[in-house]
>>> print(open('data-v7.txt').read())   # compact mmCIF, N, CA and C atoms
# COMPACT_ATOMS: atom_id res chain seq x y z
N SER A 25 -5.54 4.25 -8.66
CA SER A 25 -6.72 5.10 -8.59
C SER A 25 -7.06 5.47 -7.15
N CYS A 26 -6.53 4.74 -6.18
CA CYS A 26 -6.84 5.04 -4.78
C CYS A 26 -5.75 5.89 -4.12
N HIS A 27 -4.51 5.40 -4.17
CA HIS A 27 -3.42 6.07 -3.47
C HIS A 27 -2.82 7.23 -4.25
N GLY A 28 -3.12 7.35 -5.52
CA GLY A 28 -2.59 8.43 -6.34
C GLY A 28 -1.22 8.10 -6.90
N GLU A 29 -0.79 8.87 -7.88
CA GLU A 29 0.47 8.61 -8.58
C GLU A 29 1.69 8.69 -7.68
N THR A 30 1.63 9.54 -6.67
CA THR A 30 2.79 9.69 -5.78
C THR A 30 2.56 9.07 -4.41
N GLY A 31 1.43 8.37 -4.22
CA GLY A 31 1.17 7.68 -2.96
C GLY A 31 0.64 8.55 -1.84
N MET A 32 0.07 9.69 -2.16
CA MET A 32 -0.42 10.60 -1.13
C MET A 32 -1.85 10.29 -0.68
N GLY A 33 -2.46 9.24 -1.24
CA GLY A 33 -3.83 8.91 -0.87
C GLY A 33 -4.87 9.79 -1.55
N ASP A 34 -4.47 10.40 -2.65
CA ASP A 34 -5.33 11.37 -3.33
C ASP A 34 -5.71 10.96 -4.75
N GLY A 35 -5.80 9.67 -4.99
CA GLY A 35 -6.17 9.20 -6.32
C GLY A 35 -7.63 9.50 -6.64
N ALA A 36 -8.02 9.28 -7.87
CA ALA A 36 -9.37 9.59 -8.34
C ALA A 36 -10.45 8.88 -7.52
N ALA A 37 -10.20 7.68 -7.06
CA ALA A 37 -11.19 6.92 -6.31
C ALA A 37 -11.21 7.27 -4.82
N ALA A 38 -10.24 8.01 -4.35
CA ALA A 38 -10.09 8.29 -2.92
C ALA A 38 -11.31 9.00 -2.33
N ALA A 39 -11.89 9.90 -3.07
CA ALA A 39 -13.01 10.70 -2.54
C ALA A 39 -14.20 9.84 -2.14
N SER A 40 -14.37 8.69 -2.78
CA SER A 40 -15.53 7.86 -2.49
C SER A 40 -15.24 6.78 -1.45
N LEU A 41 -14.05 6.74 -0.90
CA LEU A 41 -13.69 5.70 0.07
C LEU A 41 -13.69 6.21 1.50
N ASN A 42 -14.16 5.34 2.40
CA ASN A 42 -14.16 5.64 3.82
C ASN A 42 -13.85 4.35 4.55
N PRO A 43 -12.69 4.23 5.18
CA PRO A 43 -11.69 5.27 5.39
C PRO A 43 -10.92 5.58 4.10
N LYS A 44 -10.29 6.73 4.11
CA LYS A 44 -9.51 7.19 2.97
C LYS A 44 -8.28 6.30 2.77
N PRO A 45 -7.78 6.22 1.55
CA PRO A 45 -6.57 5.42 1.29
C PRO A 45 -5.36 5.97 2.04
N ARG A 46 -4.46 5.07 2.35
CA ARG A 46 -3.22 5.40 3.06
C ARG A 46 -2.40 6.42 2.27
N ASN A 47 -1.88 7.40 2.98
CA ASN A 47 -0.84 8.27 2.46
C ASN A 47 0.46 7.53 2.74
N PHE A 48 1.18 7.14 1.71
CA PHE A 48 2.38 6.34 1.90
C PHE A 48 3.47 7.06 2.68
N LYS A 49 3.34 8.35 2.85
CA LYS A 49 4.34 9.11 3.60
C LYS A 49 3.98 9.23 5.08
N ALA A 50 2.86 8.64 5.51
CA ALA A 50 2.45 8.68 6.91
C ALA A 50 3.47 7.92 7.77
N PRO A 51 3.59 8.29 9.03
CA PRO A 51 4.54 7.59 9.92
C PRO A 51 4.24 6.09 10.00
N ALA A 52 5.27 5.30 10.19
CA ALA A 52 5.15 3.84 10.23
C ALA A 52 4.13 3.38 11.25
N ALA A 53 4.02 4.07 12.38
CA ALA A 53 3.09 3.67 13.44
C ALA A 53 1.64 3.71 12.97
N GLU A 54 1.35 4.47 11.93
CA GLU A 54 -0.02 4.58 11.42
C GLU A 54 -0.37 3.47 10.43
N TRP A 55 0.59 2.68 10.01
CA TRP A 55 0.35 1.60 9.05
C TRP A 55 -0.10 0.35 9.80
N LYS A 56 -1.16 -0.28 9.37
CA LYS A 56 -1.70 -1.47 10.05
C LYS A 56 -0.66 -2.59 10.14
N ASN A 57 0.10 -2.84 9.09
CA ASN A 57 1.11 -3.90 9.06
C ASN A 57 2.53 -3.36 8.99
N GLY A 58 2.70 -2.07 9.22
CA GLY A 58 4.01 -1.45 9.15
C GLY A 58 4.36 -1.06 7.72
N ASN A 59 5.35 -0.18 7.58
CA ASN A 59 5.73 0.28 6.24
C ASN A 59 7.03 -0.35 5.75
N THR A 60 7.36 -1.51 6.31
CA THR A 60 8.49 -2.28 5.77
C THR A 60 8.01 -3.01 4.52
N GLU A 61 8.94 -3.49 3.70
CA GLU A 61 8.53 -4.27 2.52
C GLU A 61 7.71 -5.49 2.95
N GLU A 62 8.06 -6.10 4.07
CA GLU A 62 7.33 -7.27 4.55
C GLU A 62 5.91 -6.91 4.97
N GLY A 63 5.76 -5.79 5.67
CA GLY A 63 4.44 -5.33 6.09
C GLY A 63 3.57 -4.95 4.91
N ILE A 64 4.17 -4.27 3.94
CA ILE A 64 3.44 -3.88 2.74
C ILE A 64 3.01 -5.12 1.97
N LEU A 65 3.90 -6.10 1.86
CA LEU A 65 3.58 -7.35 1.18
C LEU A 65 2.42 -8.06 1.87
N LYS A 66 2.41 -8.07 3.20
CA LYS A 66 1.30 -8.67 3.95
C LYS A 66 -0.01 -7.98 3.61
N THR A 67 0.01 -6.66 3.55
CA THR A 67 -1.19 -5.90 3.21
C THR A 67 -1.66 -6.24 1.79
N LEU A 68 -0.72 -6.29 0.86
CA LEU A 68 -1.09 -6.61 -0.52
C LEU A 68 -1.67 -8.01 -0.64
N LYS A 69 -1.14 -8.96 0.10
CA LYS A 69 -1.62 -10.34 0.04
C LYS A 69 -2.99 -10.51 0.70
N ASN A 70 -3.18 -9.85 1.85
CA ASN A 70 -4.37 -10.10 2.66
C ASN A 70 -5.42 -9.00 2.63
N GLY A 71 -5.04 -7.81 2.15
CA GLY A 71 -5.96 -6.68 2.24
C GLY A 71 -6.05 -6.21 3.69
N ILE A 72 -6.93 -5.25 3.94
CA ILE A 72 -7.19 -4.74 5.28
C ILE A 72 -8.71 -4.80 5.49
N PRO A 73 -9.18 -5.77 6.28
CA PRO A 73 -10.63 -5.88 6.51
C PRO A 73 -11.23 -4.58 7.02
N GLY A 74 -12.43 -4.27 6.56
CA GLY A 74 -13.13 -3.06 6.99
C GLY A 74 -12.72 -1.80 6.25
N THR A 75 -11.88 -1.97 5.23
CA THR A 75 -11.44 -0.82 4.42
C THR A 75 -11.60 -1.16 2.94
N GLY A 76 -11.27 -0.23 2.09
CA GLY A 76 -11.30 -0.48 0.66
C GLY A 76 -10.05 -1.21 0.16
N MET A 77 -9.12 -1.51 1.07
CA MET A 77 -7.88 -2.20 0.67
C MET A 77 -8.15 -3.69 0.56
N VAL A 78 -8.30 -4.13 -0.68
CA VAL A 78 -8.58 -5.54 -0.95
C VAL A 78 -7.29 -6.32 -1.13
N SER A 79 -7.39 -7.62 -1.11
CA SER A 79 -6.25 -8.50 -1.37
C SER A 79 -5.91 -8.49 -2.85
N TYR A 80 -4.63 -8.47 -3.14
CA TYR A 80 -4.15 -8.55 -4.51
C TYR A 80 -3.34 -9.82 -4.73
N LYS A 81 -3.56 -10.85 -3.90
CA LYS A 81 -2.76 -12.07 -4.02
C LYS A 81 -2.91 -12.74 -5.37
N SER A 82 -3.97 -12.44 -6.10
CA SER A 82 -4.15 -13.02 -7.44
C SER A 82 -3.07 -12.55 -8.41
N LEU A 83 -2.34 -11.49 -8.06
CA LEU A 83 -1.26 -11.00 -8.93
C LEU A 83 0.00 -11.86 -8.85
N GLY A 84 0.07 -12.72 -7.84
CA GLY A 84 1.23 -13.61 -7.70
C GLY A 84 2.32 -13.01 -6.84
N ASP A 85 3.09 -13.89 -6.22
CA ASP A 85 4.12 -13.47 -5.26
C ASP A 85 5.17 -12.54 -5.85
N GLU A 86 5.67 -12.84 -7.03
CA GLU A 86 6.74 -12.01 -7.61
C GLU A 86 6.24 -10.60 -7.91
N ASN A 87 5.05 -10.47 -8.47
CA ASN A 87 4.49 -9.15 -8.75
C ASN A 87 4.26 -8.38 -7.45
N LEU A 88 3.74 -9.06 -6.43
CA LEU A 88 3.49 -8.39 -5.16
C LEU A 88 4.78 -7.92 -4.51
N LYS A 89 5.85 -8.69 -4.65
CA LYS A 89 7.15 -8.27 -4.11
C LYS A 89 7.62 -6.99 -4.80
N GLU A 90 7.46 -6.92 -6.10
CA GLU A 90 7.86 -5.72 -6.84
C GLU A 90 7.00 -4.52 -6.46
N ILE A 91 5.70 -4.74 -6.31
CA ILE A 91 4.81 -3.65 -5.90
C ILE A 91 5.18 -3.16 -4.51
N SER A 92 5.48 -4.10 -3.59
CA SER A 92 5.84 -3.69 -2.23
C SER A 92 7.13 -2.87 -2.23
N LYS A 93 8.07 -3.22 -3.08
CA LYS A 93 9.30 -2.43 -3.20
C LYS A 93 9.00 -1.02 -3.70
N PHE A 94 8.08 -0.90 -4.66
CA PHE A 94 7.71 0.40 -5.19
C PHE A 94 7.00 1.24 -4.14
N VAL A 95 6.07 0.64 -3.42
CA VAL A 95 5.38 1.38 -2.35
C VAL A 95 6.39 1.84 -1.30
N LYS A 96 7.31 0.96 -0.92
CA LYS A 96 8.34 1.35 0.04
C LYS A 96 9.15 2.52 -0.49
N TYR A 97 9.49 2.50 -1.76
CA TYR A 97 10.21 3.60 -2.41
C TYR A 97 9.40 4.90 -2.27
N LEU A 98 8.09 4.83 -2.49
CA LEU A 98 7.25 6.03 -2.40
C LEU A 98 7.22 6.60 -0.98
N THR A 99 7.45 5.76 0.04
CA THR A 99 7.45 6.28 1.41
C THR A 99 8.62 7.21 1.66
N THR A 100 9.64 7.12 0.82
CA THR A 100 10.84 7.93 1.02
C THR A 100 10.90 9.16 0.12
N LYS A 101 9.98 9.28 -0.81
CA LYS A 101 10.00 10.40 -1.75
C LYS A 101 9.10 11.52 -1.33
>>> encode(input="data-v7.txt", output="structure tokens")
Amino acid sequence: SCHGETGMGDGAAAASLNPKPRNFKAPAAEWKNGNTEEGILKTLKNGIPGTGMVSYKSLGDENLKEISKFVKYLTTK
């Protein structure tokens, strides 16, 4: 609902968030933890303080690894 179906940061909830959700196609330098699978996993586990990006560690390590792979995939599409 935040990043949108294709990861462009244009999901239904994006309009109400400040700062806006990450566009997964943004350059790596703009990502707080980098756009590697490891950086994405760190973001999913810890969230990003001061933003709407909350921690998703309650989903468990295996699920977060799969999500990070999918987000990384979206950076290339």
>>> atom_distance(input="data-v7.txt", atom1="atom CA of A:Lys101", atom2="atom CA of A:Leu41")
24.2 Å
>>> closest_residue(input="data-v7.txt", among="A:Gly28, A:Phe94, A:Lys81, A:Thr100", to="A:Glu61", atoms="all atoms listed in the file")
A:Phe94
>>> atom_distance(input="data-v7.txt", atom1="atom C of A:Ile64", atom2="atom CA of A:Ser92")
5.3 Å
>>> axis_aligned_box(input="data-v7.txt", around="stretch 67-70 of chain A", padding_each_side="6 Å", output="JSON")
{"center_x": -2.7, "center_y": -8.2, "center_z": 1.5, "size_x": 17.4, "size_y": 16.6, "size_z": 16.2}
>>> residues_around(input="data-v7.txt", residues="A:Gly58", least_positions_apart="2", cutoff="12 Å", atoms="only C-alpha atoms", output="MDAnalysis selection string")
chainID A and resid 46 48:56 60:67 92 95:96 99
>>> closest_residue(input="data-v7.txt", among="A:Pro73, A:Gly84, A:Asn59, A:Asn47", to="A:Gly31", atoms="all atoms listed in the file")
A:Asn47
>>> residues_around(input="data-v7.txt", residues="A:Leu68", least_positions_apart="5", cutoff="6 Å", atoms="only N, CA and C atoms", output="list in words")
Val78, Ser79, Tyr80 and Lys81 of chain A
>>> atom_distance(input="data-v7.txt", atom1="atom C of A:Gly35", atom2="atom CA of A:Ile72")
18.6 Å
>>> select_by_dssp(input="data-v7.txt", residues="chain A", states="alpha helix (DSSP H)", output="PyMOL selection string")
chain A and resi 61-70+85-100
>>> build_atoms(input="data-v7.txt", residues="stretch 44-55 of chain A", atoms="all heavy atoms", output="short mmCIF file (atom, residue, chain, number, x, y, z; two decimals), in the coordinates of the input")
data_model
loop_
_atom_site.label_atom_id
_atom_site.label_comp_id
_atom_site.auth_asym_id
_atom_site.auth_seq_id
_atom_site.Cartn_x
_atom_site.Cartn_y
_atom_site.Cartn_z
N LYS A 44 -10.29 6.73 4.11
CA LYS A 44 -9.51 7.19 2.97
C LYS A 44 -8.28 6.30 2.77
O LYS A 44 -7.78 5.71 3.72
CB LYS A 44 -9.06 8.64 3.15
CG LYS A 44 -10.20 9.62 3.27
CD LYS A 44 -11.03 9.65 2.01
CE LYS A 44 -12.17 10.64 2.11
NZ LYS A 44 -13.25 10.32 1.22
N PRO A 45 -7.78 6.22 1.55
CA PRO A 45 -6.57 5.42 1.29
C PRO A 45 -5.36 5.97 2.04
O PRO A 45 -5.27 7.16 2.32
CB PRO A 45 -6.35 5.57 -0.22
CG PRO A 45 -7.65 6.00 -0.77
CD PRO A 45 -8.32 6.79 0.32
N ARG A 46 -4.46 5.07 2.35
CA ARG A 46 -3.22 5.40 3.06
C ARG A 46 -2.40 6.42 2.27
O ARG A 46 -2.23 6.32 1.07
CB ARG A 46 -2.40 4.12 3.20
CG ARG A 46 -0.94 4.24 3.45
CD ARG A 46 -0.51 4.57 4.86
NE ARG A 46 -1.21 3.76 5.83
CZ ARG A 46 -1.85 4.28 6.89
NH1 ARG A 46 -1.86 5.58 7.09
NH2 ARG A 46 -2.47 3.50 7.73
N ASN A 47 -1.88 7.40 2.98
CA ASN A 47 -0.84 8.27 2.46
C ASN A 47 0.46 7.53 2.74
O ASN A 47 0.79 7.28 3.90
CB ASN A 47 -0.88 9.62 3.17
CG ASN A 47 0.25 10.54 2.78
OD1 ASN A 47 1.24 10.12 2.18
ND2 ASN A 47 0.12 11.79 3.12
N PHE A 48 1.18 7.14 1.71
CA PHE A 48 2.38 6.34 1.90
C PHE A 48 3.47 7.06 2.68
O PHE A 48 4.42 6.45 3.14
CB PHE A 48 2.94 5.88 0.55
CG PHE A 48 2.06 4.92 -0.19
CD1 PHE A 48 2.09 4.87 -1.57
CD2 PHE A 48 1.20 4.06 0.47
CE1 PHE A 48 1.30 3.98 -2.28
CE2 PHE A 48 0.39 3.17 -0.22
CZ PHE A 48 0.45 3.13 -1.60
N LYS A 49 3.34 8.35 2.85
CA LYS A 49 4.34 9.11 3.60
C LYS A 49 3.98 9.23 5.08
O LYS A 49 4.71 9.84 5.85
CB LYS A 49 4.53 10.47 2.96
CG LYS A 49 5.17 10.33 1.57
CD LYS A 49 5.05 11.59 0.77
CE LYS A 49 5.59 11.51 -0.62
NZ LYS A 49 5.64 10.27 -1.31
N ALA A 50 2.86 8.64 5.51
CA ALA A 50 2.45 8.68 6.91
C ALA A 50 3.47 7.92 7.77
O ALA A 50 4.11 6.99 7.28
CB ALA A 50 1.06 8.06 7.07
N PRO A 51 3.59 8.29 9.03
CA PRO A 51 4.54 7.59 9.92
C PRO A 51 4.24 6.09 10.00
O PRO A 51 3.08 5.67 9.92
CB PRO A 51 4.32 8.27 11.27
CG PRO A 51 3.71 9.60 10.94
CD PRO A 51 2.91 9.39 9.69
N ALA A 52 5.27 5.30 10.19
CA ALA A 52 5.15 3.84 10.23
C ALA A 52 4.13 3.38 11.25
O ALA A 52 3.42 2.39 11.03
CB ALA A 52 6.51 3.21 10.52
N ALA A 53 4.02 4.07 12.38
CA ALA A 53 3.09 3.67 13.44
C ALA A 53 1.64 3.71 12.97
O ALA A 53 0.78 3.05 13.55
CB ALA A 53 3.27 4.56 14.66
N GLU A 54 1.35 4.47 11.93
CA GLU A 54 -0.02 4.58 11.42
C GLU A 54 -0.37 3.47 10.43
O GLU A 54 -1.53 3.33 10.07
CB GLU A 54 -0.22 5.94 10.75
CG GLU A 54 -0.12 7.10 11.72
CD GLU A 54 -0.31 8.43 11.04
OE1 GLU A 54 -0.86 8.49 9.92
OE2 GLU A 54 0.10 9.45 11.63
N TRP A 55 0.59 2.68 10.01
CA TRP A 55 0.35 1.60 9.05
C TRP A 55 -0.10 0.35 9.80
O TRP A 55 0.54 -0.06 10.77
CB TRP A 55 1.62 1.29 8.27
CG TRP A 55 2.08 2.37 7.34
CD1 TRP A 55 2.39 3.65 7.66
CD2 TRP A 55 2.31 2.23 5.95
NE1 TRP A 55 2.81 4.33 6.54
CE2 TRP A 55 2.77 3.47 5.48
CE3 TRP A 55 2.19 1.18 5.06
CZ2 TRP A 55 3.08 3.69 4.14
CZ3 TRP A 55 2.51 1.40 3.73
CH2 TRP A 55 2.95 2.63 3.29
#
